[in-house]
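See below for model_31.csv, which holds CSV, C-alpha atoms.
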chain,number,residue,atom,x,y,z
R,12,MET,CA,128.5,92.3,118.0
R,13,LEU,CA,128.8,92.3,114.2
R,14,THR,CA,128.3,88.5,114.4
R,15,GLY,CA,125.1,89.0,116.3
R,16,VAL,CA,123.9,91.7,113.8
R,17,ALA,CA,124.7,89.5,110.8
R,18,VAL,CA,123.1,86.3,112.3
R,19,GLY,CA,120.0,88.4,113.5
R,20,LEU,CA,119.5,89.8,110.1
R,21,THR,CA,119.7,86.4,108.5
R,22,CYS,CA,117.4,84.8,111.0
R,23,PHE,CA,114.8,87.6,110.5
R,24,ALA,CA,114.9,87.1,106.8
R,25,ALA,CA,114.4,83.4,107.3
R,26,PHE,CA,111.4,84.2,109.5
R,27,ILE,CA,109.8,86.5,106.8
R,28,VAL,CA,110.3,83.8,104.1
R,29,ALA,CA,109.1,81.0,106.4
R,30,HIS,CA,105.7,82.6,107.3
R,31,PHE,CA,105.1,83.9,103.7
R,32,VAL,CA,105.7,80.5,102.3
R,33,LEU,CA,103.6,78.8,105.0
R,34,PHE,CA,100.7,81.1,104.6
R,35,HIS,CA,100.8,80.9,100.8
R,36,PHE,CA,100.8,77.1,100.7
R,37,ARG,CA,98.8,76.1,103.8
R,38,GLU,CA,95.5,77.2,105.3
R,39,VAL,CA,96.4,78.6,108.7
R,40,ARG,CA,93.7,79.3,111.3
R,41,ASP,CA,95.4,81.2,114.1
R,42,ARG,CA,97.9,83.3,112.1
R,43,ALA,CA,99.1,85.4,115.0
R,44,VAL,CA,100.1,82.4,117.1
R,45,VAL,CA,101.9,80.8,114.1
R,46,VAL,CA,103.8,84.1,113.3
R,47,LEU,CA,104.8,84.2,116.9
R,48,ALA,CA,105.9,80.6,117.0
R,49,ILE,CA,108.0,81.0,113.8
R,50,PHE,CA,109.6,84.1,115.3
R,51,VAL,CA,110.5,82.4,118.6
R,52,ALA,CA,112.0,79.5,116.6
R,53,ALA,CA,114.0,82.1,114.5
R,54,MET,CA,115.2,83.7,117.7
R,55,GLY,CA,116.3,80.3,119.0
R,56,ALA,CA,118.2,79.8,115.8
R,57,CYS,CA,119.8,83.2,116.2
R,58,PHE,CA,121.1,82.3,119.6
R,59,VAL,CA,122.4,78.9,118.5
R,60,PHE,CA,124.1,80.3,115.3
R,61,SER,CA,125.6,83.2,117.3
R,62,ALA,CA,127.1,80.6,119.8
R,63,LEU,CA,128.4,78.5,116.9
R,64,VAL,CA,130.1,81.4,115.2
R,65,VAL,CA,131.6,82.8,118.4
R,66,ARG,CA,132.8,79.3,119.4
R,67,HIS,CA,134.3,78.9,115.9
R,68,GLY,CA,136.4,82.0,116.7
R,69,GLY,CA,137.7,80.7,120.0
R,70,ASP,CA,137.1,78.9,123.3
R,71,LEU,CA,133.5,79.2,124.3
R,72,ALA,CA,134.3,79.1,128.0
R,73,ALA,CA,136.7,82.1,127.5
R,74,SER,CA,134.2,83.9,125.4
R,75,ARG,CA,131.0,84.2,127.5
R,76,GLY,CA,131.1,88.0,127.2
R,77,PRO,CA,131.3,88.0,123.3
R,78,LEU,CA,128.7,85.3,123.2
R,79,LEU,CA,126.3,87.3,125.4
R,80,VAL,CA,126.9,90.5,123.3
R,81,ALA,CA,126.5,88.6,120.0
R,82,SER,CA,123.3,86.7,121.0
R,83,LEU,CA,121.8,89.7,122.8
R,84,SER,CA,122.5,92.1,119.9
R,85,GLY,CA,121.1,89.5,117.4
R,86,VAL,CA,118.0,88.8,119.4
R,87,LEU,CA,117.4,92.6,120.0
R,88,LEU,CA,117.9,93.4,116.3
R,89,MET,CA,115.3,90.7,115.5
R,90,CYS,CA,112.8,92.2,118.1
R,91,ALA,CA,113.4,95.7,116.7
R,92,LEU,CA,112.7,94.4,113.1
R,93,LEU,CA,109.6,92.6,114.3
R,94,ILE,CA,108.1,95.7,115.9
R,95,LEU,CA,108.7,97.5,112.6
R,96,TYR,CA,107.3,94.7,110.5
R,97,MET,CA,104.2,93.7,112.5
R,98,PRO,CA,102.3,97.0,111.9
R,99,PHE,CA,102.9,96.5,108.2
R,100,TYR,CA,101.6,92.9,108.4
R,101,TYR,CA,98.4,94.1,110.2
R,102,THR,CA,98.0,96.8,107.6
R,103,ILE,CA,97.9,94.1,104.9
R,104,ALA,CA,95.6,91.9,107.0
R,105,THR,CA,93.1,94.2,108.6
R,106,SER,CA,93.3,97.9,107.5
R,107,LEU,CA,90.0,99.3,106.5
R,108,SER,CA,91.6,102.0,104.5
R,109,VAL,CA,93.5,99.4,102.4
R,110,ARG,CA,90.3,97.4,102.0
R,111,THR,CA,88.6,100.6,100.8
R,112,LEU,CA,91.3,101.2,98.1
R,113,ILE,CA,91.0,97.6,97.0
R,114,THR,CA,87.2,97.7,96.8
R,115,VAL,CA,87.4,100.8,94.6
R,116,GLN,CA,90.1,99.2,92.4
R,117,ARG,CA,87.9,96.1,91.9
R,118,SER,CA,84.8,98.1,91.1
R,119,PRO,CA,83.6,98.3,87.5
R,120,ASN,CA,85.3,101.3,85.7
R,121,ARG,CA,87.5,101.5,88.9
R,122,GLU,CA,84.8,103.8,90.4
R,123,ILE,CA,82.2,103.3,93.1
R,124,SER,CA,79.4,105.4,94.5
R,125,LEU,CA,80.2,106.9,98.0
R,126,ALA,CA,76.8,105.7,99.2
R,127,VAL,CA,77.5,102.1,98.2
R,128,LEU,CA,81.0,102.2,99.8
R,129,LYS,CA,79.5,103.5,103.0
R,130,ALA,CA,76.7,101.0,103.0
R,131,LYS,CA,79.4,98.3,102.7
R,132,TYR,CA,81.7,99.5,105.5
R,133,VAL,CA,79.4,101.4,107.9
R,134,ALA,CA,77.7,98.1,108.8
R,135,VAL,CA,76.9,96.2,112.0
R,136,ASP,CA,78.4,93.1,110.3
R,137,LEU,CA,81.8,94.7,110.1
R,138,VAL,CA,81.6,95.4,113.9
R,139,ARG,CA,80.4,91.9,114.6
R,140,ARG,CA,83.3,90.3,112.7
R,141,ARG,CA,85.8,92.4,114.6
R,142,LEU,CA,84.2,91.5,117.9
R,143,GLU,CA,84.3,87.8,117.0
R,144,ALA,CA,87.9,88.1,116.0
R,145,MET,CA,88.6,89.6,119.4
R,146,VAL,CA,86.8,86.6,121.0
R,147,GLN,CA,89.2,84.3,119.2
R,148,SER,CA,92.1,86.4,120.5
R,149,ASP,CA,90.8,86.0,124.0
R,150,LEU,CA,90.1,89.7,124.5
R,151,LEU,CA,86.3,89.3,124.7
R,152,VAL,CA,83.8,86.6,125.6
R,153,SER,CA,80.4,86.4,124.0
R,154,ASP,CA,77.6,85.2,126.4
R,155,GLY,CA,74.5,85.5,124.3
R,156,GLY,CA,73.6,88.9,125.8
R,157,GLY,CA,76.6,90.6,124.2
R,158,PHE,CA,80.3,90.9,124.4
R,159,ARG,CA,82.2,91.2,127.7
R,160,LEU,CA,85.9,91.9,128.3
R,161,THR,CA,88.2,89.1,129.5
R,162,ARG,CA,90.9,89.9,132.0
R,163,LYS,CA,93.4,90.4,129.1
R,164,GLY,CA,90.9,92.6,127.2
R,165,ARG,CA,90.2,94.7,130.4
R,166,LEU,CA,93.9,95.2,131.0
R,167,ILE,CA,94.5,96.4,127.4
R,168,ALA,CA,91.4,98.7,127.5
R,169,ARG,CA,92.6,100.2,130.8
R,170,VAL,CA,96.2,100.8,129.7
R,171,PHE,CA,95.2,102.5,126.4
R,172,ARG,CA,92.5,104.5,128.1
R,173,LEU,CA,95.2,105.9,130.4
R,174,ILE,CA,97.4,106.6,127.4
R,175,LYS,CA,94.6,108.5,125.7
R,176,ILE,CA,93.9,110.5,128.9
R,177,GLY,CA,97.7,111.1,129.4
R,178,TRP,CA,98.2,112.3,125.9
R,179,LYS,CA,94.8,114.1,125.7
R,180,LEU,CA,93.9,112.3,122.5
R,181,GLY,CA,90.1,112.4,122.9
R,182,PRO,CA,87.9,109.3,122.2
R,183,GLY,CA,89.6,108.7,118.8
R,184,GLY,CA,89.2,105.4,116.9
T,288,MET,CA,124.8,97.0,126.2
T,289,LYS,CA,125.7,100.7,126.0
T,290,SER,CA,123.4,101.1,123.0
T,291,ILE,CA,120.5,99.4,124.8
T,292,LEU,CA,120.9,101.6,127.9
T,293,LEU,CA,121.1,104.8,125.8
T,294,VAL,CA,118.1,103.8,123.7
T,295,LEU,CA,116.1,103.2,126.9
T,296,ALA,CA,117.1,106.6,128.3
T,297,ALA,CA,116.4,108.4,125.0
T,298,SER,CA,113.0,106.7,124.7
T,299,ILE,CA,112.1,107.8,128.3
T,300,VAL,CA,113.2,111.4,127.6
T,301,TYR,CA,111.3,111.4,124.3
T,302,THR,CA,108.1,110.0,125.9
T,303,GLY,CA,108.3,112.6,128.6
T,304,LEU,CA,108.8,115.4,126.1
T,305,VAL,CA,105.9,114.3,123.9
T,306,THR,CA,103.6,113.8,126.8
T,307,THR,CA,104.4,117.3,128.1
T,308,ILE,CA,103.8,118.9,124.7
T,309,PHE,CA,100.5,117.0,124.2
T,310,ARG,CA,99.3,118.1,127.6
T,311,VAL,CA,100.3,121.7,127.2
T,312,ILE,CA,99.6,122.5,123.6
T,313,VAL,CA,96.7,121.5,121.3
T,314,VAL,CA,98.4,119.8,118.4
T,315,ARG,CA,96.6,119.4,115.1
T,316,ARG,CA,99.1,117.2,113.2
T,317,ARG,CA,100.4,115.1,116.0
T,318,ILE,CA,102.3,112.6,113.8
T,319,VAL,CA,104.2,115.4,112.1
T,320,LEU,CA,105.1,116.8,115.5
T,321,MET,CA,106.2,113.4,116.9
T,322,CYS,CA,108.4,112.7,113.8
T,323,GLY,CA,109.9,116.2,114.0
T,324,LEU,CA,110.6,115.8,117.8
T,325,PHE,CA,112.2,112.4,117.1
T,326,LEU,CA,114.6,113.9,114.5
T,327,ILE,CA,115.5,116.6,117.0
T,328,THR,CA,116.3,114.0,119.7
T,329,LEU,CA,118.2,111.8,117.3
T,330,ALA,CA,121.0,114.3,117.0
T,331,PRO,CA,121.8,114.5,120.8
T,332,PHE,CA,121.4,110.7,121.0
T,333,ILE,CA,124.1,110.2,118.4
T,334,VAL,CA,126.4,112.9,120.0
T,335,VAL,CA,126.0,111.3,123.5
T,336,HIS,CA,126.6,107.8,122.0
T,337,ALA,CA,129.8,109.1,120.2
T,338,VAL,CA,131.3,111.0,123.2
T,339,THR,CA,130.6,108.5,126.0
T,340,PRO,CA,133.1,105.6,126.7
T,341,PRO,CA,132.1,102.1,125.4
T,342,ASN,CA,131.6,100.9,128.9
T,343,LEU,CA,129.7,104.0,130.1
T,344,GLY,CA,132.1,104.0,133.0
T,345,PHE,CA,130.5,101.0,134.7
T,346,LEU,CA,129.8,98.1,132.3
T,347,PRO,CA,132.0,95.0,132.6
T,348,PRO,CA,134.4,94.3,129.6
T,349,GLY,CA,132.3,91.3,128.4
T,350,LEU,CA,129.3,93.6,127.8
T,351,THR,CA,131.1,96.2,125.8
T,352,ALA,CA,131.2,96.2,122.0
T,353,PRO,CA,134.7,96.6,120.6
T,354,ALA,CA,133.7,98.2,117.3
T,355,ARG,CA,132.6,101.7,118.3
T,356,TRP,CA,131.0,102.6,114.9
T,357,VAL,CA,129.1,99.3,114.6
T,358,ASP,CA,127.7,100.0,118.1
T,359,LEU,CA,126.7,103.5,117.2
T,360,GLY,CA,124.9,102.2,114.0
T,361,PHE,CA,123.2,99.5,116.1
T,362,GLY,CA,122.2,102.0,118.7
T,363,THR,CA,120.8,104.4,116.1
T,364,PHE,CA,118.8,101.6,114.5
T,365,LEU,CA,117.4,100.5,117.9
T,366,TYR,CA,116.3,104.0,118.6
T,367,VAL,CA,114.7,104.3,115.2
T,368,ALA,CA,112.9,101.0,115.8
T,369,ALA,CA,111.9,102.0,119.3
T,370,PHE,CA,110.3,105.2,117.9
T,371,PHE,CA,108.7,103.9,114.7
T,372,GLY,CA,107.8,100.5,115.9
T,373,GLY,CA,107.2,101.4,119.6
T,374,ILE,CA,106.2,104.9,120.5
T,375,LEU,CA,104.6,105.9,117.2
T,376,GLN,CA,102.7,102.6,117.0
T,377,VAL,CA,101.3,103.0,120.5
T,378,TYR,CA,100.2,106.5,119.5
T,379,ASN,CA,98.6,105.1,116.3
T,380,LEU,CA,96.8,102.4,118.2
T,381,ALA,CA,95.6,104.8,120.9
T,382,ASP,CA,94.4,107.4,118.5
T,383,ARG,CA,93.1,105.2,115.6
T,384,GLY,CA,92.8,101.6,116.7
T,385,PHE,CA,89.4,100.3,115.6
T,386,SER,CA,89.4,97.2,117.7
T,387,LEU,CA,90.9,99.0,120.7
T,388,ARG,CA,88.2,101.6,120.6
T,389,MET,CA,85.6,98.9,120.8
T,390,LEU,CA,87.4,97.4,123.8
T,391,ILE,CA,87.4,100.8,125.5
T,392,ASP,CA,83.7,101.4,124.7
T,393,ILE,CA,82.8,98.1,126.3
T,394,TYR,CA,85.0,98.9,129.3
T,395,GLU,CA,83.3,102.3,129.7
T,396,SER,CA,79.7,100.9,129.3
T,397,PRO,CA,77.7,100.9,132.5
T,398,ASP,CA,77.2,97.1,132.5
T,399,GLY,CA,80.4,96.2,130.9
T,400,VAL,CA,78.6,94.3,128.1
T,401,LEU,CA,77.6,95.5,124.6
T,402,THR,CA,76.1,93.9,121.6
T,403,ALA,CA,77.4,94.4,118.1
T,404,GLU,CA,74.5,96.8,117.5
T,405,ASP,CA,75.4,98.8,120.7
T,406,VAL,CA,79.0,99.1,119.6
T,407,PHE,CA,77.9,100.2,116.1
T,408,GLU,CA,75.8,103.0,117.7
T,409,ARG,CA,78.1,104.0,120.6
T,410,TYR,CA,81.5,103.6,118.8
T,411,SER,CA,84.0,106.2,120.0
T,412,SER,CA,82.0,107.5,123.0
T,413,GLY,CA,78.8,107.8,120.9
T,414,ARG,CA,80.1,109.2,117.6
T,415,GLY,CA,79.1,106.0,115.8
T,416,LEU,CA,80.7,103.9,113.1
T,417,ALA,CA,79.7,106.4,110.3
T,418,TRP,CA,82.1,108.9,112.0
T,419,MET,CA,84.9,106.3,112.0
T,420,TYR,CA,84.5,105.5,108.3
T,421,GLN,CA,84.4,109.2,107.4
T,422,LYS,CA,87.6,109.7,109.3
T,423,ARG,CA,89.2,106.9,107.2
T,424,LEU,CA,88.0,108.4,104.0
T,425,ASP,CA,89.2,111.9,105.0
T,426,GLY,CA,92.6,110.3,105.7
T,427,LEU,CA,92.7,108.7,102.2
T,428,LEU,CA,91.8,112.1,100.7
T,429,ASP,CA,94.4,113.9,102.8
T,430,ARG,CA,97.1,111.5,101.6
T,431,GLY,CA,96.0,111.8,98.0
T,432,LEU,CA,95.0,108.2,97.6
T,433,ILE,CA,91.4,108.7,96.5
T,434,LEU,CA,89.4,111.3,94.7
T,435,ILE,CA,85.7,112.0,95.3
T,436,VAL,CA,83.9,113.6,92.4
T,437,GLY,CA,80.2,114.0,92.2
T,438,GLY,CA,79.4,111.4,94.8
T,439,SER,CA,81.7,108.8,93.3
T,440,VAL,CA,85.0,107.5,94.6
T,441,ARG,CA,88.1,106.8,92.5
T,442,ASN,CA,91.7,105.8,93.3
T,443,SER,CA,94.3,108.4,92.4
T,444,GLU,CA,97.4,107.0,90.5
T,445,LYS,CA,99.1,106.6,93.9
T,446,GLY,CA,96.0,105.0,95.4
T,447,ARG,CA,95.9,102.5,92.5
T,448,LYS,CA,99.5,101.5,93.0
T,449,VAL,CA,98.9,101.0,96.8
T,450,ALA,CA,95.7,99.0,96.1
T,451,LEU,CA,97.4,96.7,93.6
T,452,ALA,CA,100.4,96.1,95.9
T,453,TYR,CA,98.3,95.3,98.9
T,454,GLU,CA,95.9,93.2,96.9
T,455,TRP,CA,98.8,91.1,95.7
T,456,LEU,CA,100.1,90.7,99.2
T,457,GLN,CA,96.7,89.7,100.5
T,458,ARG,CA,96.3,87.1,97.7
T,459,PHE,CA,99.8,85.7,98.3
T,460,LEU,CA,99.3,85.4,102.0
T,461,ARG,CA,95.7,84.1,101.5
T,462,LEU,CA,94.3,86.8,103.7
T,463,ARG,CA,90.7,87.7,103.3
T,464,GLY,CA,91.7,91.3,104.3
T,465,GLY,CA,89.8,94.2,105.7
T,466,TYR,CA,88.3,92.9,108.9
Could you take the file, read its structure, and then write that structure out as structure tokens?
Amino acid sequence: MLTGVAVGLTCFAAFIVAHFVLFHFREVRDRAVVVLAIFVAAMGACFVFSALVVRHGGDLAASRGPLLVASLSGVLLMCALLILYMPFYYTIATSLSVRTLITVQRSPNREISLAVLKAKYVAVDLVRRRLEAMVQSDLLVSDGGGFRLTRKGRLIARVFRLIKIGWKLGPGG
Amino acid sequence: MKSILLVLAASIVYTGLVTTIFRVIVVRRRIVLMCGLFLITLAPFIVVHAVTPPNLGFLPPGLTAPARWVDLGFGTFLYVAAFFGGILQVYNLADRGFSLRMLIDIYESPDGVLTAEDVFERYSSGRGLAWMYQKRLDGLLDRGLILIVGGSVRNSEKGRKVALAYEWLQRFLRLRGGY
């Protein structure tokens, strides 16, 4: 198990470095797909390296159990780290609160009028860009008359609407 | 495998508890309650993990971890990840998700189709986008990241550090950011 944990940690670190380096040096269009592809490759590497380390310690045929525990714990550790990391990544990429802080920071004298800030962010353009991003993610389709949900978008909307009702969260947003 | 099964069971119990509380009591600071409840359930999780046998009485030898303390540490980490990366993120998305709210607004619209202008007006069941942005500003104020004085917005010292850190990350990753 310790083998799996160590290999999982190493492969996750490699995943972080790989997508940071790639995004820094290359213009990437569909970042979510690329992040997922690099992560899947890192998981594959985790499985292979776990097998190699377990094999190095004994006969692979006699060590199917340890191999399963090592690779499962490594892959699980990576998945756990990914679900902790991705909200942070999306905070960097899309958070409106973070964007607001940066806008204030970039303003002359590090100060901006509340009215100007609201004019910038309470805007139809902001909504349109998000909707278009969701079209790219296959959650919506745009047919000229407006935006409609795709099958995937409808499923997500339904599931989260149920969660909101179940937890009595109100409309939110 | 023992850790995975115990984390699964603990997550189900936790979700049941938090659902019951949300349905019975009106909670103002839900995140504080969720984190507190998580800490309360973490203690029994560790105790159960420590006192149960490595095979839980039914797992085959190949699926048991020989190092008990490593398994306990791994299980605790998985439970922490399941909470902070799973349950709490689902809550955050359901309660604050900007894009998600748009999807639900379109889903709830009579014709199932909305223009950008419609979404702007009807956002969050008719509250509008101005309400959403005010909620973000209130959140930044609550966390002491900004100061609003005489109609002007400034970053606090903490806000300045956060802005600089994220700006650097956005530049490094070549993200336009914010949308």
Val138 in chain R proximity check over R:Leu83, R:Leu107, R:Leu92, R:Ile123, using only C-alpha atoms: winner is R:Leu107
For chain T, work out the contacting residues on chain R at 6 Å, counting only C-alpha atoms, and write them as a compact mmCIF listing (two decimals) with C-alpha atoms, in the coordinates of the input.
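Output below, filename result-v7.txt:
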# COMPACT_ATOMS: atom_id res chain seq x y z
CA PHE R 34 100.70 81.10 104.60
CA HIS R 35 100.80 80.90 100.80
CA GLY R 76 131.10 88.00 127.20
CA VAL R 80 126.90 90.50 123.30
CA ALA R 91 113.40 95.70 116.70
CA ILE R 94 108.10 95.70 115.90
CA LEU R 95 108.70 97.50 112.60
CA ALA R 104 95.60 91.90 107.00
CA THR R 105 93.10 94.20 108.60
CA SER R 106 93.30 97.90 107.50
CA LEU R 107 90.00 99.30 106.50
CA ARG R 110 90.30 97.40 102.00
CA LEU R 112 91.30 101.20 98.10
CA ILE R 113 91.00 97.60 97.00
CA GLU R 122 84.80 103.80 90.40
CA ILE R 123 82.20 103.30 93.10
CA SER R 124 79.40 105.40 94.50
CA LEU R 125 80.20 106.90 98.00
CA VAL R 133 79.40 101.40 107.90
CA VAL R 135 76.90 96.20 112.00
CA ARG R 139 80.40 91.90 114.60
CA GLY R 157 76.60 90.60 124.20
CA PHE R 158 80.30 90.90 124.40
CA ARG R 159 82.20 91.20 127.70
CA ALA R 168 91.40 98.70 127.50
CA PHE R 171 95.20 102.50 126.40
CA TRP R 178 98.20 112.30 125.90
CA PRO R 182 87.90 109.30 122.20
CA GLY R 183 89.60 108.70 118.80
CA GLY R 184 89.20 105.40 116.90
Atom pair CA of Thr363 in chain T + CA of Ile333 in chain T, distance 7.1 Å
List the neighbours of range 14-31 of chain R out to 10 Å using only C-alpha atoms; skip same-chain residues closer than 2 positions along the sequence, and give me the result as a PyMOL selection string. (chain R and resi 12+33-36+42+45-62+64-65+77-90+92-93+96) or (chain T and resi 357+361+456+459-461)
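Rounded to one decimal, CA of Pro341 in chain T and CA of Arg355 in chain T lie 7.1 Å from each other.
CA of Pro340 in chain T is positioned 26.2 Å from CA of Leu304 in chain T.
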(89.3, 91.7, 122.4) in this file's frame - what residues fall within 8 Å of it? Use all atoms listed in the file and give the answer as a list in words. Leu142, Ala144, Met145, Val146, Ser148, Asp149, Leu150, Leu151, Leu160, Thr161, Lys163 and Gly164 of chain R; Ser386, Leu387 and Leu390 of chain T
